[in-house]
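Report on the following structure.
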Amino acid sequence: MTETDFIAGLPKAELHLHIEGSLEPELMFQLAQRNSVAIPYASVEDVRAAYDFSNLQDFLDIYYAGAAVLRVRQDFHDLAMAYFTRAAADGVLHAELMFDPQTHTDRGIAFEEVIEGLLSAMAAAEAQFGMTSQLILSFLRHLSEEAAFATLEAAEPWLDRITAVGLDSSEVGHPPEKFARVFAAARGRGLKITAHAGEEGPPAYVHEALDLLKVDRIDHGNRALEDDALVARLAAEGMTLTVCPLSNLKLCVVDDLADHPLDRMLALGLKATVNSDDPAYFGGYVADNYRAVAEARGLSRGDLVTLARNSFTGSFLTPEAIAANL
Ligand code: ES4
Ligand code: ZN
């Protein structure tokens, strides 16, 4: 069996996926036309050529601009269906989708349009592919605590259909501590907690995510490896890290995939998983990420099985659903 077939055949969950980051240039053009939104690109090739990033902020500027073509619930439905179709082909049985409501509500799009479009696609994906999915509402950390509270309030009618809250966007200068009270409120409403930490930010931000946000898992976590005591703590707590190899390469978190720390994380006893982050921008969906890092780091099939198992044990599914997937 080829490595590609082995990876596609591994039952897996995707835990770190920004649905806005799955907007392929072809769909961007289609939606720009459908909604009469001007975009600063002449062609699909022109869009792809712009995806050359030096750091996280470089990418975020282009990612937020691209999201401007998303205007009504059908757009969000089409976006999510395109992702589910790709993920199903990759052997994803369960996906936990992050979405950034503020990227849309700040442009005058109603929260309802965003979430109803995503929810209808999630129901369709379950019917069509047997794929389960959950929503993670992510707060934009470059915006204020007050704006995050307003977003949580806007989400109130849908909180029974939202599994978790997350924290994304520009990390450095926006420590988890800034959002401690919002995350406490979210926890009080029974939501699970995740946060991007240690992608570009220092190990101290990972400590804060644990101590102040009381996260159930960490998105990225690469820079935790700079702090031995933190690594020991993450391992002892069985904390899942949602690692994104092609994202790390494209955003220069690693210079070369051959230097990617994924297998070092596993060897240190960390519950690492493999995810695509923003697949339309970083050059691959989840199976591409498994393939690329497996080749670059010489991962064994046993390692790949461990990573896929970690994706279920680190998911926000119930213990019964996790057991049924293992
Ligand atoms: C993101 Cl890779 C990454 N990091 C932080 N925030 C994000 N939003 C979308 N992708
Ligand atoms: Zn991310």
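Labels used: A, B, ... for chains in the order of the structure tokens, numbers from 1 for residues in each chain, and numbers from 1 for ligands as shown.
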
Hey, could you make a per-residue contact list for chain A against ligand 2 with 8 Å as the cut-off, showing the nearest pair of atoms and its distance in Å to one decimal, counting only C-alpha atoms and all ligand atoms, sorted by chain and number, as JSON lines?
{"residue": "A:His16", "atom": "CA", "partner": "ligand 2", "partner_atom_place_in_ligand_line": "1 (Zn)", "distance": 6.1}
{"residue": "A:Leu17", "atom": "CA", "partner": "ligand 2", "partner_atom_place_in_ligand_line": "1 (Zn)", "distance": 6.5}
{"residue": "A:His18", "atom": "CA", "partner": "ligand 2", "partner_atom_place_in_ligand_line": "1 (Zn)", "distance": 6.3}
{"residue": "A:Asp168", "atom": "CA", "partner": "ligand 2", "partner_atom_place_in_ligand_line": "1 (Zn)", "distance": 6.5}
{"residue": "A:Ser169", "atom": "CA", "partner": "ligand 2", "partner_atom_place_in_ligand_line": "1 (Zn)", "distance": 8.0}
{"residue": "A:His196", "atom": "CA", "partner": "ligand 2", "partner_atom_place_in_ligand_line": "1 (Zn)", "distance": 6.6}
{"residue": "A:Asp219", "atom": "CA", "partner": "ligand 2", "partner_atom_place_in_ligand_line": "1 (Zn)", "distance": 6.7}
{"residue": "A:His220", "atom": "CA", "partner": "ligand 2", "partner_atom_place_in_ligand_line": "1 (Zn)", "distance": 7.4}
{"residue": "A:Cys244", "atom": "CA", "partner": "ligand 2", "partner_atom_place_in_ligand_line": "1 (Zn)", "distance": 8.0}
{"residue": "A:Asp277", "atom": "CA", "partner": "ligand 2", "partner_atom_place_in_ligand_line": "1 (Zn)", "distance": 4.8}
{"residue": "A:Asp278", "atom": "CA", "partner": "ligand 2", "partner_atom_place_in_ligand_line": "1 (Zn)", "distance": 7.0}

Just the selected residues (C-alpha atoms), exported as a PDB file, in the first residue's frame, please.
ATOM      1  CA  HIS A  16      -7.514  22.866  13.837  1.00  0.00           C
ATOM      2  CA  LEU A  17      -9.204  24.261  10.768  1.00  0.00           C
ATOM      3  CA  HIS A  18     -10.287  27.850  10.189  1.00  0.00           C
ATOM      4  CA  ASP A 168      -6.769  33.386  17.076  1.00  0.00           C
ATOM      5  CA  SER A 169      -5.261  36.177  14.945  1.00  0.00           C
ATOM      6  CA  HIS A 196      -3.662  29.521  19.712  1.00  0.00           C
ATOM      7  CA  ASP A 219      -3.533  25.229  19.055  1.00  0.00           C
ATOM      8  CA  HIS A 220       0.043  24.982  17.676  1.00  0.00           C
ATOM      9  CA  CYS A 244      -0.100  22.313  11.573  1.00  0.00           C
ATOM     10  CA  ASP A 277      -5.085  25.237   9.728  1.00  0.00           C
ATOM     11  CA  ASP A 278      -5.860  27.275   6.556  1.00  0.00           C
TER      12      ASP A 278
END

message = At a cut-off of 9 Å and counting only C-alpha atoms and all ligand atoms, what residues surround ligand 1? Please answer as an NGL selection string.
response = :A and (17-21 or 56-57 or 59-60 or 63-64 or 98-100 or 138 or 140-141 or 167-171 or 196-197 or 199-200 or 219-220 or 244 or 247-248 or 251 or 277-278)

For the strand (DSSP E or B) assignment from backbone DSSP, which residues of stretch 91-241 of chain A qualify? Please present them as a ChimeraX atom specification.
/A:92-99,132-140,164-168,192-197,217-220,240-241

For those residues, write N, CA and C atoms to a file as an mmCIF file, in the first residue's frame.
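Generated file (selection26.cif):
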data_model
loop_
_atom_site.group_PDB
_atom_site.id
_atom_site.type_symbol
_atom_site.label_atom_id
_atom_site.label_comp_id
_atom_site.auth_asym_id
_atom_site.auth_seq_id
_atom_site.Cartn_x
_atom_site.Cartn_y
_atom_site.Cartn_z
ATOM 1 N N VAL A 92 -11.248 12.048 6.802
ATOM 2 C CA VAL A 92 -11.660 12.739 8.030
ATOM 3 C C VAL A 92 -13.077 12.285 8.394
ATOM 4 N N LEU A 93 -13.233 11.745 9.600
ATOM 5 C CA LEU A 93 -14.549 11.288 10.066
ATOM 6 C C LEU A 93 -15.228 12.331 10.944
ATOM 7 N N HIS A 94 -14.420 13.236 11.482
ATOM 8 C CA HIS A 94 -14.941 14.250 12.408
ATOM 9 C C HIS A 94 -14.092 15.514 12.265
ATOM 10 N N ALA A 95 -14.762 16.667 12.170
ATOM 11 C CA ALA A 95 -14.040 17.935 12.009
ATOM 12 C C ALA A 95 -14.559 18.964 13.001
ATOM 13 N N GLU A 96 -13.636 19.682 13.630
ATOM 14 C CA GLU A 96 -13.996 20.757 14.552
ATOM 15 C C GLU A 96 -13.577 22.059 13.893
ATOM 16 N N LEU A 97 -14.572 22.812 13.435
ATOM 17 C CA LEU A 97 -14.346 23.996 12.602
ATOM 18 C C LEU A 97 -14.274 25.254 13.441
ATOM 19 N N MET A 98 -13.162 25.972 13.319
ATOM 20 C CA MET A 98 -13.130 27.310 13.913
ATOM 21 C C MET A 98 -13.730 28.286 12.928
ATOM 22 N N PHE A 99 -14.484 29.232 13.465
ATOM 23 C CA PHE A 99 -14.938 30.346 12.625
ATOM 24 C C PHE A 99 -14.727 31.641 13.385
ATOM 25 N N THR A 132 -19.129 13.770 11.183
ATOM 26 C CA THR A 132 -19.636 14.615 12.255
ATOM 27 C C THR A 132 -18.774 15.879 12.317
ATOM 28 N N SER A 133 -19.346 16.928 12.883
ATOM 29 C CA SER A 133 -18.566 18.164 13.021
ATOM 30 C C SER A 133 -19.093 18.996 14.179
ATOM 31 N N GLN A 134 -18.240 19.882 14.628
ATOM 32 C CA GLN A 134 -18.577 20.794 15.727
ATOM 33 C C GLN A 134 -18.033 22.175 15.392
ATOM 34 N N LEU A 135 -18.575 23.186 16.068
ATOM 35 C CA LEU A 135 -18.136 24.565 15.840
ATOM 36 C C LEU A 135 -17.338 25.099 17.024
ATOM 37 N N ILE A 136 -16.268 25.796 16.698
ATOM 38 C CA ILE A 136 -15.461 26.516 17.697
ATOM 39 C C ILE A 136 -15.509 27.998 17.335
ATOM 40 N N LEU A 137 -16.138 28.787 18.164
ATOM 41 C CA LEU A 137 -16.209 30.229 17.935
ATOM 42 C C LEU A 137 -14.885 30.836 18.382
ATOM 43 N N SER A 138 -14.164 31.450 17.446
ATOM 44 C CA SER A 138 -12.857 32.012 17.799
ATOM 45 C C SER A 138 -12.914 33.524 17.903
ATOM 46 N N PHE A 139 -12.371 34.031 18.983
ATOM 47 C CA PHE A 139 -12.265 35.477 19.178
ATOM 48 C C PHE A 139 -10.980 35.970 18.516
ATOM 49 N N LEU A 140 -11.078 37.150 17.898
ATOM 50 C CA LEU A 140 -9.890 37.763 17.297
ATOM 51 C C LEU A 140 -9.133 38.518 18.382
ATOM 52 N N ALA A 164 -17.206 24.993 21.526
ATOM 53 C CA ALA A 164 -16.036 25.564 22.207
ATOM 54 C C ALA A 164 -15.798 26.993 21.750
ATOM 55 N N VAL A 165 -14.964 27.693 22.512
ATOM 56 C CA VAL A 165 -14.445 28.976 22.039
ATOM 57 C C VAL A 165 -12.935 28.852 21.866
ATOM 58 N N GLY A 166 -12.412 29.655 20.937
ATOM 59 C CA GLY A 166 -10.983 29.665 20.659
ATOM 60 C C GLY A 166 -10.466 31.093 20.602
ATOM 61 N N LEU A 167 -9.161 31.217 20.384
ATOM 62 C CA LEU A 167 -8.503 32.532 20.339
ATOM 63 C C LEU A 167 -7.493 32.498 19.202
ATOM 64 N N ASP A 168 -7.692 33.396 18.215
ATOM 65 C CA ASP A 168 -6.769 33.386 17.076
ATOM 66 C C ASP A 168 -6.427 34.810 16.652
ATOM 67 N N LYS A 192 -16.298 24.357 25.829
ATOM 68 C CA LYS A 192 -14.901 23.926 25.915
ATOM 69 C C LYS A 192 -14.028 25.100 25.476
ATOM 70 N N ILE A 193 -12.718 24.967 25.780
ATOM 71 C CA ILE A 193 -11.797 26.081 25.563
ATOM 72 C C ILE A 193 -10.550 25.624 24.810
ATOM 73 N N THR A 194 -10.220 26.387 23.767
ATOM 74 C CA THR A 194 -8.929 26.186 23.129
ATOM 75 C C THR A 194 -8.356 27.564 22.809
ATOM 76 N N ALA A 195 -7.075 27.637 22.531
ATOM 77 C CA ALA A 195 -6.453 28.927 22.190
ATOM 78 C C ALA A 195 -5.183 28.675 21.390
ATOM 79 N N HIS A 196 -4.961 29.527 20.381
ATOM 80 C CA HIS A 196 -3.662 29.521 19.712
ATOM 81 C C HIS A 196 -2.639 30.035 20.727
ATOM 82 N N ALA A 197 -1.563 29.296 20.897
ATOM 83 C CA ALA A 197 -0.515 29.740 21.820
ATOM 84 C C ALA A 197 0.802 29.093 21.425
ATOM 85 N N ARG A 217 -7.325 22.342 25.175
ATOM 86 C CA ARG A 217 -6.198 21.993 24.315
ATOM 87 C C ARG A 217 -5.536 23.270 23.810
ATOM 88 N N ILE A 218 -4.364 23.083 23.193
ATOM 89 C CA ILE A 218 -3.553 24.201 22.713
ATOM 90 C C ILE A 218 -3.438 24.094 21.196
ATOM 91 N N ASP A 219 -3.723 25.187 20.503
ATOM 92 C CA ASP A 219 -3.533 25.229 19.055
ATOM 93 C C ASP A 219 -2.097 25.659 18.746
ATOM 94 N N HIS A 220 -1.394 24.854 17.995
ATOM 95 C CA HIS A 220 0.043 24.982 17.676
ATOM 96 C C HIS A 220 0.881 24.508 18.880
ATOM 97 N N THR A 240 -3.574 18.055 24.567
ATOM 98 C CA THR A 240 -3.460 17.888 23.118
ATOM 99 C C THR A 240 -2.938 19.169 22.471
ATOM 100 N N LEU A 241 -1.997 19.012 21.541
ATOM 101 C CA LEU A 241 -1.511 20.130 20.724
ATOM 102 C C LEU A 241 -2.009 19.915 19.302
#

A:Gly298 surroundings by only C-alpha atoms, 10 Å radius, close-in-sequence under 6 positions cut, as a PDB file with C-alpha atoms, in the first residue's frame:
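For reference, out04.pdb as written:
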ATOM      1  CA  ALA A 258      12.950  18.661   7.729  1.00  0.00           C
ATOM      2  CA  ASP A 263       8.218  13.679  16.131  1.00  0.00           C
ATOM      3  CA  ALA A 292       4.535  16.107   3.880  1.00  0.00           C
TER       4      ALA A 292
END

Counting only C-alpha atoms, the residue among A:Leu152, A:Ala68, A:Leu212, A:Met265 that lies closest to A:Pro40 is A:Ala68

Residues at most 10 Å from stretch 266-268 of chain A, counting only C-alpha atoms, excluding those fewer than 2 positions away in the same chain, as a ChimeraX atom specification?
/A:225,228,231-232,234-235,261-264,270-273,303,306-307

Let me see the file: selected residues, C-alpha atoms, as a compact mmCIF listing (two decimals), in the first residue's frame.
# COMPACT_ATOMS: atom_id res chain seq x y z
CA LEU A 225 9.44 23.21 23.38
CA ASP A 228 11.39 22.06 29.62
CA VAL A 231 6.80 20.44 28.21
CA ALA A 232 6.74 18.26 31.33
CA LEU A 234 1.80 19.53 29.07
CA ALA A 235 2.82 15.87 28.95
CA PRO A 261 9.43 19.25 15.74
CA LEU A 262 6.39 16.94 15.36
CA ASP A 263 8.22 13.68 16.13
CA ARG A 264 10.19 15.38 18.91
CA LEU A 270 3.12 15.26 24.06
CA LYS A 271 -0.28 14.48 22.51
CA ALA A 272 0.40 16.04 19.12
CA THR A 273 -2.09 15.94 16.25
CA ASP A 303 3.74 7.34 14.37
CA THR A 306 -0.53 7.53 17.00
CA LEU A 307 -1.18 10.97 15.47

What lies within 12 Å of stretch 22-29 of chain A using only C-alpha atoms, ignoring chain neighbours under 6 positions off, as a PDB file with N, CA and C atoms, in the first residue's frame?
ATOM      1  N   HIS A  16      -7.989  21.477  13.995  1.00  0.00           N
ATOM      2  CA  HIS A  16      -7.514  22.866  13.837  1.00  0.00           C
ATOM      3  C   HIS A  16      -7.684  23.286  12.388  1.00  0.00           C
ATOM      4  N   ASN A  35     -21.576  38.090  -5.578  1.00  0.00           N
ATOM      5  CA  ASN A  35     -21.936  39.145  -4.626  1.00  0.00           C
ATOM      6  C   ASN A  35     -21.498  40.539  -5.065  1.00  0.00           C
ATOM      7  N   SER A  36     -20.960  40.640  -6.277  1.00  0.00           N
ATOM      8  CA  SER A  36     -20.448  41.929  -6.787  1.00  0.00           C
ATOM      9  C   SER A  36     -19.482  42.584  -5.804  1.00  0.00           C
ATOM     10  N   VAL A  37     -18.529  41.785  -5.319  1.00  0.00           N
ATOM     11  CA  VAL A  37     -17.487  42.306  -4.427  1.00  0.00           C
ATOM     12  C   VAL A  37     -16.193  42.407  -5.238  1.00  0.00           C
ATOM     13  N   ALA A  38     -15.548  43.562  -5.174  1.00  0.00           N
ATOM     14  CA  ALA A  38     -14.277  43.747  -5.891  1.00  0.00           C
ATOM     15  C   ALA A  38     -13.155  43.082  -5.102  1.00  0.00           C
ATOM     16  N   ILE A  39     -12.297  42.326  -5.788  1.00  0.00           N
ATOM     17  CA  ILE A  39     -11.122  41.757  -5.118  1.00  0.00           C
ATOM     18  C   ILE A  39      -9.871  42.201  -5.879  1.00  0.00           C
ATOM     19  N   PRO A  40      -8.774  42.347  -5.141  1.00  0.00           N
ATOM     20  CA  PRO A  40      -7.578  42.941  -5.755  1.00  0.00           C
ATOM     21  C   PRO A  40      -6.744  41.944  -6.562  1.00  0.00           C
ATOM     22  N   TYR A  41      -7.407  41.008  -7.248  1.00  0.00           N
ATOM     23  CA  TYR A  41      -6.678  40.016  -8.037  1.00  0.00           C
ATOM     24  C   TYR A  41      -7.318  39.909  -9.419  1.00  0.00           C
ATOM     25  N   ALA A  42      -6.471  39.669 -10.446  1.00  0.00           N
ATOM     26  CA  ALA A  42      -6.969  39.559 -11.821  1.00  0.00           C
ATOM     27  C   ALA A  42      -7.342  38.116 -12.164  1.00  0.00           C
ATOM     28  N   SER A  43      -6.734  37.162 -11.482  1.00  0.00           N
ATOM     29  CA  SER A  43      -6.956  35.757 -11.836  1.00  0.00           C
ATOM     30  C   SER A  43      -6.652  34.863 -10.642  1.00  0.00           C
ATOM     31  N   VAL A  44      -7.056  33.595 -10.770  1.00  0.00           N
ATOM     32  CA  VAL A  44      -6.774  32.600  -9.740  1.00  0.00           C
ATOM     33  C   VAL A  44      -5.249  32.461  -9.542  1.00  0.00           C
ATOM     34  N   GLU A  45      -4.517  32.529 -10.640  1.00  0.00           N
ATOM     35  CA  GLU A  45      -3.042  32.421 -10.565  1.00  0.00           C
ATOM     36  C   GLU A  45      -2.466  33.603  -9.780  1.00  0.00           C
ATOM     37  N   ASP A  46      -3.077  34.766 -10.016  1.00  0.00           N
ATOM     38  CA  ASP A  46      -2.677  35.991  -9.348  1.00  0.00           C
ATOM     39  C   ASP A  46      -2.889  35.857  -7.826  1.00  0.00           C
ATOM     40  N   VAL A  47      -3.998  35.230  -7.443  1.00  0.00           N
ATOM     41  CA  VAL A  47      -4.277  35.017  -6.013  1.00  0.00           C
ATOM     42  C   VAL A  47      -3.211  34.109  -5.430  1.00  0.00           C
ATOM     43  N   ARG A  48      -2.981  32.980  -6.096  1.00  0.00           N
ATOM     44  CA  ARG A  48      -2.012  32.002  -5.558  1.00  0.00           C
ATOM     45  C   ARG A  48      -0.615  32.623  -5.447  1.00  0.00           C
ATOM     46  N   ALA A  49      -0.278  33.500  -6.394  1.00  0.00           N
ATOM     47  CA  ALA A  49       1.050  34.134  -6.367  1.00  0.00           C
ATOM     48  C   ALA A  49       1.193  35.051  -5.155  1.00  0.00           C
ATOM     49  N   ALA A  50       0.045  35.569  -4.656  1.00  0.00           N
ATOM     50  CA  ALA A  50       0.091  36.475  -3.490  1.00  0.00           C
ATOM     51  C   ALA A  50       0.320  35.711  -2.187  1.00  0.00           C
ATOM     52  N   TYR A  51       0.180  34.369  -2.221  1.00  0.00           N
ATOM     53  CA  TYR A  51       0.293  33.561  -1.005  1.00  0.00           C
ATOM     54  C   TYR A  51       1.753  33.209  -0.708  1.00  0.00           C
ATOM     55  N   ILE A  62      -3.996  39.091   4.201  1.00  0.00           N
ATOM     56  CA  ILE A  62      -4.570  38.540   2.958  1.00  0.00           C
ATOM     57  C   ILE A  62      -5.801  37.685   3.249  1.00  0.00           C
ATOM     58  N   TYR A  63      -5.766  36.971   4.370  1.00  0.00           N
ATOM     59  CA  TYR A  63      -6.878  36.099   4.789  1.00  0.00           C
ATOM     60  C   TYR A  63      -8.128  36.929   5.112  1.00  0.00           C
ATOM     61  N   TYR A  64      -7.961  38.031   5.852  1.00  0.00           N
ATOM     62  CA  TYR A  64      -9.130  38.865   6.172  1.00  0.00           C
ATOM     63  C   TYR A  64      -9.674  39.535   4.912  1.00  0.00           C
ATOM     64  N   ALA A  65      -8.808  39.946   3.999  1.00  0.00           N
ATOM     65  CA  ALA A  65      -9.260  40.573   2.749  1.00  0.00           C
ATOM     66  C   ALA A  65     -10.048  39.571   1.915  1.00  0.00           C
ATOM     67  N   GLY A  66      -9.596  38.338   1.860  1.00  0.00           N
ATOM     68  CA  GLY A  66     -10.280  37.298   1.081  1.00  0.00           C
ATOM     69  C   GLY A  66     -11.675  37.019   1.605  1.00  0.00           C
ATOM     70  N   ALA A  67     -11.849  37.111   2.936  1.00  0.00           N
ATOM     71  CA  ALA A  67     -13.138  36.798   3.561  1.00  0.00           C
ATOM     72  C   ALA A  67     -14.225  37.786   3.152  1.00  0.00           C
ATOM     73  N   ALA A  68     -13.844  38.913   2.545  1.00  0.00           N
ATOM     74  CA  ALA A  68     -14.828  39.940   2.157  1.00  0.00           C
ATOM     75  C   ALA A  68     -15.833  39.436   1.124  1.00  0.00           C
ATOM     76  N   VAL A  69     -15.524  38.356   0.419  1.00  0.00           N
ATOM     77  CA  VAL A  69     -16.464  37.829  -0.592  1.00  0.00           C
ATOM     78  C   VAL A  69     -17.602  37.024   0.048  1.00  0.00           C
ATOM     79  N   LEU A  70     -17.468  36.717   1.342  1.00  0.00           N
ATOM     80  CA  LEU A  70     -18.499  35.935   2.053  1.00  0.00           C
ATOM     81  C   LEU A  70     -19.550  36.894   2.610  1.00  0.00           C
ATOM     82  N   ARG A  71     -20.778  36.803   2.113  1.00  0.00           N
ATOM     83  CA  ARG A  71     -21.768  37.809   2.519  1.00  0.00           C
ATOM     84  C   ARG A  71     -23.079  37.230   3.056  1.00  0.00           C
ATOM     85  N   ASP A  75     -23.235  31.518   1.029  1.00  0.00           N
ATOM     86  CA  ASP A  75     -21.772  31.591   0.840  1.00  0.00           C
ATOM     87  C   ASP A  75     -21.058  30.749   1.902  1.00  0.00           C
ATOM     88  N   PHE A  76     -21.519  30.886   3.155  1.00  0.00           N
ATOM     89  CA  PHE A  76     -20.891  30.129   4.245  1.00  0.00           C
ATOM     90  C   PHE A  76     -21.186  28.629   4.100  1.00  0.00           C
ATOM     91  N   HIS A  77     -22.379  28.332   3.611  1.00  0.00           N
ATOM     92  CA  HIS A  77     -22.739  26.933   3.343  1.00  0.00           C
ATOM     93  C   HIS A  77     -21.819  26.357   2.249  1.00  0.00           C
ATOM     94  N   ASP A  78     -21.673  27.080   1.159  1.00  0.00           N
ATOM     95  CA  ASP A  78     -20.848  26.602   0.041  1.00  0.00           C
ATOM     96  C   ASP A  78     -19.384  26.439   0.462  1.00  0.00           C
ATOM     97  N   LEU A  79     -18.910  27.403   1.244  1.00  0.00           N
ATOM     98  CA  LEU A  79     -17.528  27.349   1.750  1.00  0.00           C
ATOM     99  C   LEU A  79     -17.325  26.078   2.568  1.00  0.00           C
ATOM    100  N   ALA A  80     -18.218  25.826   3.509  1.00  0.00           N
ATOM    101  CA  ALA A  80     -18.064  24.667   4.398  1.00  0.00           C
ATOM    102  C   ALA A  80     -18.260  23.356   3.632  1.00  0.00           C
ATOM    103  N   MET A  81     -19.184  23.319   2.676  1.00  0.00           N
ATOM    104  CA  MET A  81     -19.380  22.081   1.897  1.00  0.00           C
ATOM    105  C   MET A  81     -18.132  21.744   1.086  1.00  0.00           C
ATOM    106  N   ALA A  82     -17.500  22.770   0.534  1.00  0.00           N
ATOM    107  CA  ALA A  82     -16.259  22.529  -0.223  1.00  0.00           C
ATOM    108  C   ALA A  82     -15.213  21.911   0.711  1.00  0.00           C
ATOM    109  N   TYR A  83     -15.112  22.430   1.942  1.00  0.00           N
ATOM    110  CA  TYR A  83     -14.166  21.855   2.902  1.00  0.00           C
ATOM    111  C   TYR A  83     -14.541  20.409   3.247  1.00  0.00           C
ATOM    112  N   PHE A  84     -15.812  20.161   3.574  1.00  0.00           N
ATOM    113  CA  PHE A  84     -16.217  18.808   3.975  1.00  0.00           C
ATOM    114  C   PHE A  84     -15.947  17.798   2.858  1.00  0.00           C
ATOM    115  N   THR A  85     -16.166  18.210   1.619  1.00  0.00           N
ATOM    116  CA  THR A  85     -15.934  17.318   0.479  1.00  0.00           C
ATOM    117  C   THR A  85     -14.458  16.934   0.401  1.00  0.00           C
ATOM    118  N   ARG A  86     -13.562  17.917   0.586  1.00  0.00           N
ATOM    119  CA  ARG A  86     -12.120  17.641   0.569  1.00  0.00           C
ATOM    120  C   ARG A  86     -11.731  16.786   1.772  1.00  0.00           C
ATOM    121  N   ALA A  87     -12.282  17.108   2.922  1.00  0.00           N
ATOM    122  CA  ALA A  87     -11.910  16.391   4.146  1.00  0.00           C
ATOM    123  C   ALA A  87     -12.381  14.936   4.083  1.00  0.00           C
ATOM    124  N   LEU A  97     -14.572  22.812  13.435  1.00  0.00           N
ATOM    125  CA  LEU A  97     -14.346  23.996  12.602  1.00  0.00           C
ATOM    126  C   LEU A  97     -14.274  25.254  13.441  1.00  0.00           C
ATOM    127  N   MET A  98     -13.162  25.972  13.319  1.00  0.00           N
ATOM    128  CA  MET A  98     -13.130  27.310  13.913  1.00  0.00           C
ATOM    129  C   MET A  98     -13.730  28.286  12.928  1.00  0.00           C
ATOM    130  N   PHE A  99     -14.484  29.232  13.465  1.00  0.00           N
ATOM    131  CA  PHE A  99     -14.938  30.346  12.625  1.00  0.00           C
ATOM    132  C   PHE A  99     -14.727  31.641  13.385  1.00  0.00           C
ATOM    133  N   SER A 276      -4.690  21.035   9.243  1.00  0.00           N
ATOM    134  CA  SER A 276      -4.349  21.838   8.062  1.00  0.00           C
ATOM    135  C   SER A 276      -4.418  23.351   8.282  1.00  0.00           C
ATOM    136  N   ASP A 277      -5.056  23.806   9.373  1.00  0.00           N
ATOM    137  CA  ASP A 277      -5.085  25.237   9.728  1.00  0.00           C
ATOM    138  C   ASP A 277      -5.879  26.061   8.697  1.00  0.00           C
ATOM    139  N   ASP A 278      -5.219  26.489   7.627  1.00  0.00           N
ATOM    140  CA  ASP A 278      -5.860  27.275   6.556  1.00  0.00           C
ATOM    141  C   ASP A 278      -5.476  26.651   5.222  1.00  0.00           C
ATOM    142  N   PRO A 279      -6.091  25.507   4.871  1.00  0.00           N
ATOM    143  CA  PRO A 279      -5.573  24.697   3.763  1.00  0.00           C
ATOM    144  C   PRO A 279      -5.523  25.402   2.411  1.00  0.00           C
ATOM    145  N   ALA A 280      -6.445  26.333   2.160  1.00  0.00           N
ATOM    146  CA  ALA A 280      -6.438  27.006   0.853  1.00  0.00           C
ATOM    147  C   ALA A 280      -5.234  27.939   0.723  1.00  0.00           C
ATOM    148  N   TYR A 281      -4.697  28.368   1.856  1.00  0.00           N
ATOM    149  CA  TYR A 281      -3.587  29.324   1.851  1.00  0.00           C
ATOM    150  C   TYR A 281      -2.221  28.663   2.044  1.00  0.00           C
ATOM    151  N   PHE A 282      -2.221  27.454   2.635  1.00  0.00           N
ATOM    152  CA  PHE A 282      -0.937  26.855   3.027  1.00  0.00           C
ATOM    153  C   PHE A 282      -0.535  25.662   2.176  1.00  0.00           C
ATOM    154  N   GLY A 283      -1.333  25.385   1.140  1.00  0.00           N
ATOM    155  CA  GLY A 283      -0.888  24.384   0.169  1.00  0.00           C
ATOM    156  C   GLY A 283      -1.253  22.951   0.494  1.00  0.00           C
ATOM    157  N   GLY A 284      -2.268  22.720   1.319  1.00  0.00           N
ATOM    158  CA  GLY A 284      -2.668  21.330   1.491  1.00  0.00           C
ATOM    159  C   GLY A 284      -3.693  21.109   2.578  1.00  0.00           C
ATOM    160  N   TYR A 285      -4.492  20.058   2.359  1.00  0.00           N
ATOM    161  CA  TYR A 285      -5.507  19.640   3.342  1.00  0.00           C
ATOM    162  C   TYR A 285      -4.844  18.679   4.336  1.00  0.00           C
ATOM    163  N   VAL A 286      -5.639  18.039   5.166  1.00  0.00           N
ATOM    164  CA  VAL A 286      -5.024  17.335   6.300  1.00  0.00           C
ATOM    165  C   VAL A 286      -4.146  16.170   5.853  1.00  0.00           C
TER     166      VAL A 286
END

### Task
Write out as a list in words the residues lying within 7 Å of A:Asn289, counting only C-alpha atoms and excluding same-chain residues fewer than 6 positions away.
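Contacts, with the query itself left out: Pro245, Leu246, Val274, Asn275 and Ser276 of chain A.
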
For the residues in the current selection, export N, CA and C atoms as a short mmCIF file (atom, residue, chain, number, x, y, z; two decimals), in the first residue's frame.
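File result04.cif, as written:
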data_model
loop_
_atom_site.label_atom_id
_atom_site.label_comp_id
_atom_site.auth_asym_id
_atom_site.auth_seq_id
_atom_site.Cartn_x
_atom_site.Cartn_y
_atom_site.Cartn_z
N PRO A 245 1.73 21.34 10.26
CA PRO A 245 3.06 21.38 9.63
C PRO A 245 3.17 22.32 8.42
N LEU A 246 2.24 22.24 7.46
CA LEU A 246 2.38 23.10 6.27
C LEU A 246 2.16 24.57 6.62
N VAL A 274 -2.13 16.26 13.84
CA VAL A 274 -1.78 16.92 12.57
C VAL A 274 -3.05 17.52 11.97
N ASN A 275 -2.93 18.77 11.53
CA ASN A 275 -4.09 19.53 11.07
C ASN A 275 -3.68 20.47 9.94
N SER A 276 -4.69 21.03 9.24
CA SER A 276 -4.35 21.84 8.06
C SER A 276 -4.42 23.35 8.28
#

Just list the residues in stretch 132-326 of chain A DSSP gives helix (DSSP H, G or I) on the backbone, as number ranges by chain. A: 145-154, 156-161, 176-188, 203-213, 222-226, 228-237, 245-250, 257-259, 262-267, 279-282, 286-297, 301-313, 319-325

Here is a test: counting only C-alpha atoms, which residue of A:Ala150, A:Ile162, A:Ala32, A:Leu213 is nearest to A:Arg189?
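Of A:Ala150, A:Ile162, A:Ala32, A:Leu213, the one nearest A:Arg189 is A:Ile162, counting only C-alpha atoms.
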
Q | Top pick for closest residue to A:Trp158, considering A:Glu112, A:Gln128, A:Lys12, A:Thr2 and counting only C-alpha atoms | A |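 Using only C-alpha atoms, the shortest distance to A:Trp158 belongs to A:Glu112.
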
Next item on the list: Find, counting only C-alpha atoms, the residue in A:Arg73, A:Ala308, A:Glu146, A:Asp256 that gets nearest to A:Gly9.
Entry: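 Counting only C-alpha atoms, the residue closest to A:Gly9 is A:Ala308.
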